[in-house]
$ cat protein36.cif   # mmCIF, C-alpha atoms
data_work
#
loop_
_atom_site.label_atom_id
_atom_site.label_comp_id
_atom_site.auth_asym_id
_atom_site.auth_seq_id
_atom_site.Cartn_x
_atom_site.Cartn_y
_atom_site.Cartn_z
CA MET A 18 -28.31 -7.90 -18.12
CA ASN A 19 -28.50 -6.17 -14.72
CA SER A 20 -25.93 -6.51 -11.95
CA SER A 21 -27.87 -9.35 -10.29
CA ALA A 22 -27.73 -11.32 -13.51
CA VAL A 23 -24.01 -10.62 -13.80
CA LEU A 24 -23.48 -11.98 -10.28
CA ALA A 25 -25.55 -15.07 -11.03
CA ALA A 26 -23.29 -15.90 -13.98
CA GLN A 27 -20.06 -15.86 -11.95
CA SER A 28 -18.10 -18.72 -10.54
CA ASN A 29 -14.70 -19.20 -8.95
CA ASP A 30 -11.77 -20.05 -11.20
CA ALA A 31 -11.31 -23.85 -11.36
CA SER A 32 -7.70 -23.47 -12.50
CA PHE A 33 -6.54 -22.97 -8.90
CA ALA A 34 -5.87 -25.73 -6.39
CA ASP A 35 -7.94 -23.97 -3.75
CA LEU A 36 -9.56 -20.66 -2.83
CA TRP A 37 -6.50 -19.43 -0.94
CA ASP A 38 -4.31 -19.85 -4.02
CA GLU A 39 -6.77 -17.83 -6.08
CA LEU A 40 -6.93 -15.06 -3.51
CA GLU A 41 -3.13 -14.92 -3.39
CA TRP A 42 -2.84 -14.83 -7.19
CA ARG A 43 -5.34 -11.98 -7.33
CA GLY A 44 -3.30 -10.03 -4.79
CA LEU A 45 -6.06 -10.03 -2.20
CA ILE A 46 -4.09 -11.18 0.85
CA ALA A 47 -1.93 -8.70 2.75
CA LEU A 48 -2.14 -10.11 6.28
CA SER A 49 -3.92 -12.93 8.05
CA THR A 50 -3.99 -15.08 11.12
CA ASP A 51 -2.40 -18.54 10.81
CA LYS A 52 -2.20 -19.13 7.05
CA ASP A 53 -2.30 -22.93 7.17
CA GLU A 54 -5.25 -23.02 9.56
CA LEU A 55 -7.20 -20.45 7.58
CA ARG A 56 -6.47 -22.20 4.28
CA LYS A 57 -7.71 -25.46 5.80
CA ALA A 58 -10.85 -23.81 7.16
CA LEU A 59 -11.62 -22.23 3.77
CA ASN A 60 -11.15 -25.54 1.97
CA GLU A 61 -12.65 -28.04 4.40
CA THR A 62 -15.44 -26.23 6.24
CA GLN A 63 -18.27 -23.81 5.59
CA LEU A 64 -17.22 -20.59 7.29
CA THR A 65 -19.47 -17.75 8.31
CA TYR A 66 -17.53 -14.53 7.73
CA TYR A 67 -18.18 -10.82 7.89
CA ILE A 68 -17.01 -7.44 6.68
CA GLY A 69 -18.18 -4.17 8.21
CA PHE A 70 -19.12 -1.01 6.35
CA ASP A 71 -19.56 2.20 8.32
CA PRO A 72 -22.17 4.72 7.09
CA THR A 73 -19.85 7.75 7.05
CA ALA A 74 -21.19 8.81 3.63
CA PRO A 75 -24.38 8.19 1.62
CA SER A 76 -22.60 5.79 -0.73
CA LEU A 77 -20.01 3.04 -0.75
CA HIS A 78 -16.88 3.70 -2.78
CA LEU A 79 -14.06 1.96 -4.61
CA GLY A 80 -12.29 0.78 -1.47
CA ASN A 81 -15.53 -0.84 -0.29
CA LEU A 82 -15.88 -2.56 -3.66
CA VAL A 83 -12.70 -4.55 -2.97
CA GLN A 84 -14.35 -5.94 0.17
CA LEU A 85 -17.71 -6.56 -1.48
CA LEU A 86 -16.09 -8.60 -4.25
CA ILE A 87 -13.97 -10.70 -1.91
CA MET A 88 -17.16 -11.37 0.04
CA ARG A 89 -18.73 -12.53 -3.20
CA ARG A 90 -15.76 -14.77 -4.01
CA LEU A 91 -16.05 -16.54 -0.66
CA GLN A 92 -19.80 -16.93 -1.08
CA LEU A 93 -19.30 -18.51 -4.51
CA ALA A 94 -16.94 -20.97 -2.79
CA GLY A 95 -19.76 -21.99 -0.42
CA HIS A 96 -19.14 -19.81 2.63
CA LYS A 97 -21.79 -17.70 4.41
CA PRO A 98 -21.43 -13.91 4.32
CA LEU A 99 -22.57 -11.38 6.89
CA ALA A 100 -22.57 -7.79 5.61
CA LEU A 101 -22.44 -5.57 8.66
CA ILE A 102 -23.60 -1.98 8.30
CA GLY A 103 -22.28 -0.04 11.27
CA GLY A 104 -25.26 1.82 12.65
CA SER A 105 -23.40 2.31 15.93
CA THR A 106 -19.77 2.50 14.77
CA GLY A 107 -20.92 4.96 12.11
CA LEU A 108 -22.01 7.27 14.92
CA VAL A 109 -18.49 7.16 16.35
CA GLY A 110 -16.13 6.87 13.38
CA ASP A 111 -12.82 5.02 13.27
CA PRO A 112 -9.73 7.20 13.80
CA ARG A 113 -8.43 8.88 10.67
CA PRO A 114 -4.65 9.36 10.48
CA THR A 115 -4.92 13.15 10.34
CA ALA A 116 -7.79 14.63 12.36
CA GLU A 117 -11.04 13.93 14.18
CA ARG A 118 -14.03 12.97 12.08
CA THR A 119 -17.08 15.21 11.94
CA LEU A 120 -19.89 13.38 13.72
CA ASN A 121 -23.11 13.09 11.75
CA THR A 122 -26.57 13.20 13.28
CA LYS A 123 -28.34 9.99 14.26
CA GLU A 124 -30.97 10.71 11.62
CA THR A 125 -28.35 11.09 8.88
CA VAL A 126 -26.52 7.94 9.92
CA GLY A 127 -29.82 6.05 9.97
CA GLU A 128 -30.57 7.13 6.40
CA TRP A 129 -27.10 6.12 5.26
CA VAL A 130 -27.44 2.73 6.94
CA GLU A 131 -30.43 2.04 4.69
CA LYS A 132 -28.64 3.22 1.55
CA LEU A 133 -25.44 1.27 2.21
CA GLY A 134 -27.39 -1.85 3.10
CA LYS A 135 -29.17 -1.76 -0.26
CA GLN A 136 -25.89 -1.18 -2.10
CA ALA A 137 -24.07 -4.01 -0.35
CA SER A 138 -27.00 -6.37 -0.93
CA ARG A 139 -26.61 -6.07 -4.70
CA PHE A 140 -23.29 -7.90 -4.59
CA LEU A 141 -24.43 -10.90 -2.57
CA SER A 142 -26.99 -13.66 -2.94
CA PHE A 143 -29.63 -14.01 -0.23
CA GLU A 144 -30.84 -17.38 -1.51
CA GLY A 145 -29.49 -20.93 -1.71
CA GLU A 146 -27.59 -23.06 0.79
CA ASN A 147 -25.31 -20.24 1.96
CA PRO A 148 -27.46 -17.11 1.86
CA ALA A 149 -26.04 -13.75 2.87
CA ARG A 150 -27.38 -11.88 5.86
CA LEU A 151 -27.44 -8.12 6.44
CA VAL A 152 -26.77 -7.07 10.06
CA ASN A 153 -26.59 -3.76 11.93
CA ASN A 154 -24.38 -3.45 15.01
CA LEU A 155 -26.76 -0.92 16.52
CA ASP A 156 -28.97 -3.91 17.34
CA TRP A 157 -26.59 -5.13 20.05
CA THR A 158 -24.87 -1.91 21.13
CA ALA A 159 -27.97 0.27 21.59
CA PRO A 160 -29.35 -1.83 24.51
CA LEU A 161 -26.00 -1.64 26.38
CA SER A 162 -25.72 0.88 29.18
CA ALA A 163 -22.41 2.67 29.69
CA ILE A 164 -21.85 0.71 32.91
CA ASP A 165 -22.55 -2.64 31.22
CA PHE A 166 -20.23 -1.69 28.35
CA LEU A 167 -17.38 -0.82 30.71
CA ARG A 168 -17.89 -3.82 33.00
CA ASP A 169 -18.64 -6.52 30.45
CA ILE A 170 -16.51 -5.45 27.46
CA GLY A 171 -14.10 -2.68 28.45
CA LYS A 172 -12.43 -4.74 31.16
CA TYR A 173 -10.91 -7.06 28.53
CA PHE A 174 -9.02 -4.25 26.77
CA ARG A 175 -5.63 -3.08 27.98
CA VAL A 176 -4.90 0.62 27.46
CA GLY A 177 -1.27 -0.06 26.56
CA THR A 178 -2.31 -2.38 23.74
CA MET A 179 -4.91 0.10 22.52
CA LEU A 180 -2.35 2.92 22.49
CA SER A 181 0.04 0.82 20.40
CA LYS A 182 -2.42 0.45 17.49
CA ASP A 183 -1.14 2.33 14.42
CA ALA A 184 -4.24 4.49 13.93
CA VAL A 185 -4.20 5.56 17.58
CA SER A 186 -0.46 6.15 17.89
CA ALA A 187 -0.46 8.25 14.71
CA ARG A 188 -3.11 10.52 16.15
CA LEU A 189 -1.47 10.72 19.57
CA ASN A 190 1.66 12.01 17.89
CA SER A 191 -0.23 14.59 15.83
CA GLU A 192 -1.22 18.09 16.85
CA HIS A 193 -4.89 17.05 16.93
CA GLY A 194 -4.58 14.21 19.43
CA ILE A 195 -7.49 11.77 19.71
CA SER A 196 -10.79 11.88 21.54
CA TYR A 197 -12.03 9.13 23.83
CA THR A 198 -14.84 8.62 21.29
CA GLU A 199 -12.54 7.56 18.47
CA PHE A 200 -10.14 5.86 20.88
CA SER A 201 -13.03 3.55 21.86
CA TYR A 202 -13.79 2.55 18.26
CA GLN A 203 -11.60 -0.55 18.41
CA ILE A 204 -13.56 -1.78 21.41
CA LEU A 205 -16.82 -1.47 19.49
CA GLN A 206 -15.40 -3.31 16.49
CA GLY A 207 -14.03 -6.06 18.70
CA TYR A 208 -17.45 -6.37 20.34
CA ASP A 209 -19.04 -6.72 16.89
CA TYR A 210 -16.94 -9.79 16.17
CA LEU A 211 -17.78 -11.28 19.58
CA GLU A 212 -21.52 -10.80 19.00
CA LEU A 213 -21.38 -12.25 15.48
CA PHE A 214 -19.40 -15.20 16.81
CA ARG A 215 -22.07 -15.80 19.44
CA ARG A 216 -25.09 -15.23 17.23
CA TYR A 217 -24.01 -16.79 13.92
CA ASP A 218 -20.84 -18.80 14.70
CA CYS A 219 -18.88 -16.28 12.62
CA THR A 220 -15.20 -17.24 12.61
CA LEU A 221 -13.65 -14.97 9.96
CA GLN A 222 -13.52 -11.19 9.71
CA MET A 223 -12.08 -9.42 6.68
CA GLY A 224 -11.15 -5.82 5.95
CA GLY A 225 -8.47 -3.54 4.56
CA SER A 226 -4.93 -3.81 5.88
CA ASP A 227 -5.23 -0.31 7.35
CA GLN A 228 -7.85 -1.81 9.69
CA TRP A 229 -5.53 -4.48 11.08
CA GLY A 230 -5.45 -2.99 14.55
CA ASN A 231 -9.25 -2.93 14.73
CA LEU A 232 -9.48 -6.42 13.26
CA THR A 233 -7.21 -7.93 15.90
CA SER A 234 -9.26 -6.39 18.70
CA GLY A 235 -12.02 -8.87 17.84
CA THR A 236 -9.85 -11.96 17.80
CA ASP A 237 -8.29 -10.93 21.13
CA LEU A 238 -11.69 -10.34 22.72
CA ILE A 239 -13.13 -13.67 21.57
CA ARG A 240 -10.07 -15.51 22.87
CA LYS A 241 -10.36 -13.82 26.28
CA VAL A 242 -14.14 -14.13 26.65
CA GLU A 243 -14.91 -17.42 24.91
CA GLY A 244 -11.55 -19.15 24.93
CA LYS A 245 -11.76 -19.68 21.15
CA SER A 246 -9.49 -18.85 18.22
CA VAL A 247 -10.98 -17.16 15.17
CA HIS A 248 -9.56 -15.78 11.94
CA ILE A 249 -8.95 -12.45 10.27
CA LEU A 250 -7.81 -11.68 6.73
CA ALA A 251 -6.74 -8.24 5.51
CA THR A 252 -6.61 -7.13 1.88
CA PRO A 253 -4.00 -4.71 0.52
CA LEU A 254 -5.01 -1.11 0.03
CA ILE A 255 -5.71 -0.07 -3.56
CA THR A 256 -3.68 2.98 -4.50
CA ASN A 257 -3.24 5.40 -7.37
CA SER A 258 -0.15 5.13 -9.52
CA ASP A 259 1.45 7.76 -7.26
CA GLY A 260 0.82 5.61 -4.22
CA GLN A 261 -2.14 7.63 -2.90
CA LYS A 262 -4.96 5.64 -1.36
CA PHE A 263 -8.33 5.61 -3.08
CA GLY A 264 -11.03 6.81 -0.72
CA LYS A 265 -13.30 9.65 0.24
CA SER A 266 -10.94 10.87 2.96
CA GLU A 267 -8.36 11.64 0.27
CA GLY A 268 -10.87 13.55 -1.86
CA ASN A 269 -10.65 11.31 -4.91
CA ALA A 270 -13.40 8.79 -4.21
CA VAL A 271 -15.01 6.80 -6.99
CA TRP A 272 -18.52 6.20 -5.67
CA LEU A 273 -20.73 3.21 -6.37
CA ASP A 274 -23.90 5.32 -6.34
CA SER A 275 -24.67 6.77 -9.78
CA GLU A 276 -25.84 9.98 -8.11
CA PHE A 277 -22.25 10.74 -7.08
CA THR A 278 -20.23 9.05 -9.84
CA SER A 279 -22.21 8.60 -13.06
CA PRO A 280 -21.96 5.28 -14.94
CA TYR A 281 -20.23 7.18 -17.76
CA ALA A 282 -17.62 8.69 -15.40
CA PHE A 283 -17.27 5.31 -13.70
CA TYR A 284 -16.62 3.61 -17.05
CA GLN A 285 -14.12 6.28 -18.06
CA PHE A 286 -12.26 5.88 -14.76
CA TRP A 287 -11.55 2.22 -15.50
CA LEU A 288 -10.85 2.91 -19.18
CA ASN A 289 -8.10 5.33 -18.16
CA VAL A 290 -6.22 2.92 -15.87
CA ASP A 291 -2.47 2.87 -16.61
CA ASP A 292 -1.02 -0.08 -18.51
CA ALA A 293 1.18 -0.77 -15.48
CA ASP A 294 -1.88 -1.19 -13.23
CA VAL A 295 -4.54 -2.70 -15.47
CA ILE A 296 -3.75 -6.39 -14.97
CA ASP A 297 -3.73 -6.02 -11.20
CA ARG A 298 -7.08 -4.23 -11.44
CA LEU A 299 -8.51 -7.06 -13.54
CA LYS A 300 -7.44 -9.56 -10.89
CA VAL A 301 -9.03 -7.64 -8.02
CA PHE A 302 -12.15 -6.14 -9.58
CA THR A 303 -13.36 -8.77 -12.05
CA PHE A 304 -14.32 -12.43 -12.04
CA LEU A 305 -12.41 -13.17 -15.25
CA THR A 306 -10.40 -16.37 -15.12
CA LYS A 307 -6.62 -16.56 -14.88
CA ALA A 308 -6.45 -17.64 -18.52
CA GLU A 309 -8.59 -14.68 -19.65
CA ILE A 310 -6.51 -12.19 -17.67
CA GLU A 311 -3.22 -13.65 -18.90
CA ASP A 312 -4.49 -13.31 -22.47
CA LEU A 313 -5.34 -9.65 -21.84
CA ALA A 314 -1.87 -9.16 -20.33
CA LYS A 315 -0.36 -10.53 -23.53
CA GLN A 316 -2.50 -8.23 -25.66
CA THR A 317 -1.44 -5.24 -23.54
CA ALA A 318 2.24 -6.11 -23.92
CA GLU A 319 1.98 -6.63 -27.68
CA ALA A 320 -0.42 -3.83 -28.61
CA PRO A 321 -0.87 -1.41 -25.70
CA HIS A 322 -2.39 1.26 -27.98
CA LEU A 323 -5.48 -0.91 -28.47
CA ARG A 324 -6.17 -0.81 -24.70
CA ALA A 325 -7.89 -4.18 -24.82
CA ALA A 326 -7.37 -4.82 -21.11
CA GLN A 327 -8.72 -1.40 -20.12
CA LYS A 328 -11.80 -1.82 -22.31
CA ARG A 329 -12.55 -5.22 -20.81
CA LEU A 330 -11.93 -3.91 -17.29
CA ALA A 331 -14.27 -0.96 -17.80
CA LEU A 332 -16.96 -3.18 -19.28
CA GLU A 333 -16.77 -5.80 -16.52
CA VAL A 334 -16.72 -3.47 -13.52
CA THR A 335 -19.33 -1.04 -14.86
CA SER A 336 -21.63 -3.96 -15.67
CA LEU A 337 -21.10 -5.33 -12.18
CA VAL A 338 -21.69 -2.09 -10.28
CA HIS A 339 -24.37 -0.52 -12.48
CA SER A 340 -25.59 -2.87 -15.22
CA ALA A 341 -24.57 -4.22 -18.61
CA GLU A 342 -26.99 -1.71 -20.14
CA ALA A 343 -25.29 1.19 -18.34
CA ALA A 344 -21.89 -0.06 -19.50
CA GLN A 345 -23.08 -0.25 -23.09
CA ALA A 346 -24.55 3.25 -22.84
CA ALA A 347 -21.15 4.53 -21.69
CA ILE A 348 -19.45 2.77 -24.61
CA ASP A 349 -21.97 4.22 -27.06
CA ALA A 350 -21.52 7.69 -25.58
CA SER A 351 -17.75 7.51 -25.92
CA ALA A 352 -18.04 6.47 -29.55
CA ALA A 353 -20.63 9.13 -30.38
CA LEU A 354 -18.69 11.93 -28.73
CA PHE A 355 -15.72 11.19 -30.97
CA GLY A 356 -17.80 11.09 -34.14
CA GLN A 357 -18.20 7.31 -34.36
CA GLY A 358 -21.89 7.18 -33.49
CA ASP A 359 -25.14 9.11 -33.49
CA LEU A 360 -25.25 11.64 -30.67
CA SER A 361 -29.02 11.99 -30.96
CA THR A 362 -29.49 8.39 -29.80
CA LEU A 363 -27.88 9.06 -26.40
CA ASP A 364 -30.31 9.51 -23.52
CA VAL A 365 -30.35 12.77 -21.58
CA GLU A 366 -28.73 11.37 -18.42
CA THR A 367 -25.82 9.70 -20.21
CA LEU A 368 -25.12 12.75 -22.38
CA GLN A 369 -25.30 15.15 -19.46
CA ALA A 370 -22.95 12.96 -17.42
CA ALA A 371 -20.51 12.69 -20.31
CA LEU A 372 -20.43 16.43 -20.97
CA GLY A 373 -20.05 17.10 -17.27
CA GLU A 374 -16.72 15.29 -17.38
CA LEU A 375 -15.44 17.60 -20.15
CA PRO A 376 -14.44 21.26 -20.19
CA ASN A 377 -17.75 23.06 -20.63
CA THR A 378 -19.50 26.38 -20.70
CA ILE A 379 -23.02 27.77 -20.46
CA ALA A 380 -24.17 29.71 -23.52
CA PRO A 381 -27.45 30.50 -25.31
CA LEU A 382 -28.38 29.76 -28.90
CA GLY A 383 -26.84 32.30 -31.24
CA THR A 384 -23.46 32.34 -29.52
CA PRO A 385 -20.61 32.44 -32.08
CA ILE A 386 -18.78 29.13 -32.39
CA THR A 387 -15.47 30.95 -32.09
CA GLN A 388 -16.58 32.32 -28.72
CA LEU A 389 -17.57 28.82 -27.56
CA LEU A 390 -14.13 27.55 -28.56
CA ILE A 391 -12.55 30.23 -26.36
CA ASP A 392 -14.95 29.76 -23.43
CA THR A 393 -14.27 26.02 -23.32
CA GLY A 394 -10.53 26.42 -23.65
CA LEU A 395 -10.24 24.71 -27.06
CA VAL A 396 -8.56 27.81 -28.49
CA ASP A 397 -7.08 30.92 -26.90
CA SER A 398 -8.31 33.64 -29.28
CA ILE A 399 -10.95 34.53 -31.86
CA SER A 400 -8.36 34.39 -34.61
CA ALA A 401 -7.25 30.92 -33.52
CA GLY A 402 -10.89 29.80 -33.55
CA ARG A 403 -11.44 31.14 -37.06
CA ARG A 404 -8.25 29.46 -38.22
CA ALA A 405 -9.35 26.12 -36.75
CA ILE A 406 -12.70 26.39 -38.57
CA LYS A 407 -11.00 27.37 -41.82
CA GLU A 408 -8.75 24.31 -41.55
CA GLY A 409 -11.80 22.05 -41.17
CA GLY A 410 -11.07 20.97 -37.64
CA VAL A 411 -14.15 22.19 -35.72
CA TYR A 412 -17.37 20.20 -35.19
CA VAL A 413 -20.60 20.92 -33.36
CA ASN A 414 -22.68 17.82 -32.60
CA ASN A 415 -20.38 15.96 -35.03
CA GLU A 416 -21.25 18.33 -37.88
CA LYS A 417 -18.26 20.10 -39.44
CA ILE A 418 -18.36 23.89 -39.18
CA ILE A 419 -17.27 25.57 -42.39
CA ASP A 420 -18.38 29.18 -41.78
CA GLU A 421 -16.00 31.19 -39.62
CA ALA A 422 -18.96 33.34 -38.51
CA ALA A 423 -21.20 30.39 -37.61
CA VAL A 424 -23.27 30.52 -34.42
CA LEU A 425 -24.82 27.85 -32.23
CA THR A 426 -28.17 26.92 -33.82
CA GLU A 427 -28.99 23.34 -32.76
CA LEU A 428 -29.02 21.51 -29.46
CA LEU A 429 -29.27 17.90 -28.38
CA HIS A 430 -32.36 17.27 -26.23
CA SER A 431 -32.89 21.05 -26.37
CA LYS A 432 -30.15 21.37 -23.74
CA PHE A 433 -26.67 20.43 -24.92
CA ALA A 434 -24.11 20.73 -27.67
CA VAL A 435 -20.89 18.80 -28.18
CA LEU A 436 -17.97 20.88 -29.37
CA ARG A 437 -14.98 19.11 -30.89
CA ARG A 438 -11.66 20.35 -32.23
CA GLY A 439 -9.80 17.81 -34.31
CA LYS A 440 -10.30 14.12 -33.57
CA LYS A 441 -9.88 14.00 -29.81
CA THR A 442 -10.36 17.40 -28.11
CA LEU A 443 -13.89 17.74 -26.73
CA ALA A 444 -15.96 20.22 -24.76
CA GLY A 445 -19.58 20.59 -23.74
CA VAL A 446 -22.03 23.43 -24.11
CA PHE A 447 -25.03 23.77 -21.80
CA THR A 448 -27.83 26.25 -22.37
CA ALA A 449 -28.62 28.70 -19.60
#

$ encode --input "protein36.cif" --output "structure tokens"
Amino acid sequence: MNSSAVLAAQSNDASFADLWDELEWRGLIALSTDKDELRKALNETQLTYYIGFDPTAPSLHLGNLVQLLIMRRLQLAGHKPLALIGGSTGLVGDPRPTAERTLNTKETVGEWVEKLGKQASRFLSFEGENPARLVNNLDWTAPLSAIDFLRDIGKYFRVGTMLSKDAVSARLNSEHGISYTEFSYQILQGYDYLELFRRYDCTLQMGGSDQWGNLTSGTDLIRKVEGKSVHILATPLITNSDGQKFGKSEGNAVWLDSEFTSPYAFYQFWLNVDDADVIDRLKVFTFLTKAEIEDLAKQTAEAPHLRAAQKRLALEVTSLVHSAEAAQAAIDASAALFGQGDLSTLDVETLQAALGELPNTIAPLGTPITQLLIDTGLVDSISAGRRAIKEGGVYVNNEKIIDEAAVLTELLHSKFAVLRRGKKTLAGVFTA
């Protein structure tokens, strides 16, 4: 089953009174405009809503996945999604808390717009009574002259209000300051909402809570220009157990493109989620029902060593982002690496990705196994390597090594070898 088939099989959880209650239970609401009005609009009307994704990298990442899945939840409830890829805002970049962004070329941004559009499209349905639409804000900003922009849009923004936004004030108080380019980002985002309101009757914008200042620029602009009230909803930021934000700016991004984070590494990431975080992750990143998640919470409390919740989380999210086949390949690879399956049945890409996540070394055929144990950090000396072999605790490609003088003689796919000490300590060997 591919990711499209996974999406087609989803539905919202009928155990909740309404969509707002489900979003709250899943921990997806940090801030919003008038709660009662927005709840009523979600329950009694068909909203057109949007989320923007800036092409500041060639792939979407984990933080974007939160937004893609909440878009999907609203679409399943009957609302109309607009996925905005920021061809113009991506050329500018929203202000980072620390320093100015490096501006990419127009050609690079254009390529990334295409890639991100294709990625985002996989999580939405473009058919039925509420089909999704992909939009690019370059379509309405490119024709604007600087004079038109300043006269028609800029006049509605007050500098004092712009300076008070958290992202701007943080930069003003830093040693780097802020350029007019990034300072103007909130105007562009506000203009996006105005254009989508005019073109598609879009009345809800969503995004991460760190974007609240940019989100409110749109509601303010629409109120001033059109005399109408519209909604915004911000989701909480997803953080590591140490409180650090997931995202490429922090250097720990989990990418949705298999070229940057392999399906195996992606699966392992979810499999390694802490017990304290796993239920919250299930709520945010899967379409499992409340009853299913509560059952997994019970299993985690009663038998945490079985990691039932983590296994289900890894299966669900990997199937969603990559495919059910990719998730199963990751499961099979994990089992085979630890001697519970046939390594020879793993395809080249999955095996290479798996070994790339382990300590590894490059060595030719004929290299002593004891030397490989040292080079991969599984032992710290030749004598320790010989002792490990003598004790029966060393395996190459799941075959026990019994000769202390043994050398590397066989490879998987003529390229790799899996080195294991004991039951759980693994390393990879690549040929030169």

$ atom_distance --input "protein36.cif" --atom1 "atom CA of A:Ala251" --atom2 "atom CA of A:Thr303"
18.8 Å

$ closest_residue --input "protein36.cif" --among "A:Arg188, A:Arg438, A:His248, A:Arg168" --to "A:Thr65" --atoms "only C-alpha atoms"
A:His248

$ closest_residue --input "protein36.cif" --among "A:Leu368, A:Leu77, A:Leu299, A:Ala31" --to "A:Ile348" --atoms "all atoms listed in the file"
A:Leu368

$ closest_residue --input "protein36.cif" --among "A:Asp297, A:Glu39, A:Asp420, A:Glu276" --to "A:Pro253" --atoms "only C-alpha atoms"
A:Asp297

$ atom_distance --input "protein36.cif" --atom1 "atom CA of A:Lys417" --atom2 "atom CA of A:Glu366"
25.1 Å

$ resolve_selection --input "protein36.cif" --expression "the PyMOL selection byres ((chain A and resi 108) around 7)" --output "PyMOL selection string"
chain A and resi 104-107+109-110+120-121+123+126

$ resolve_selection --input "protein36.cif" --expression "the PyMOL selection byres ((chain A and resi 158-163) around 10)" --output "list in words"
Gly104, Ser105, Thr106, Asn153, Asn154, Leu155, Asp156, Trp157, Ile164, Asp165, Phe166, Leu167, Arg168, Asp169, Gly171, Leu205, Tyr208, Asp209 and Glu212 of chain A

$ closest_residue --input "protein36.cif" --among "A:Gln228, A:Ser186, A:Ile249, A:His339" --to "A:Lys52" --atoms "all atoms listed in the file"
A:Ile249

$ resolve_selection --input "protein36.cif" --expression "the PyMOL selection byres ((chain A and resi 71) around 6)" --output "list of chain:residue names"
A:Phe70, A:Pro72, A:Thr73, A:Ile102, A:Gly103, A:Gly107
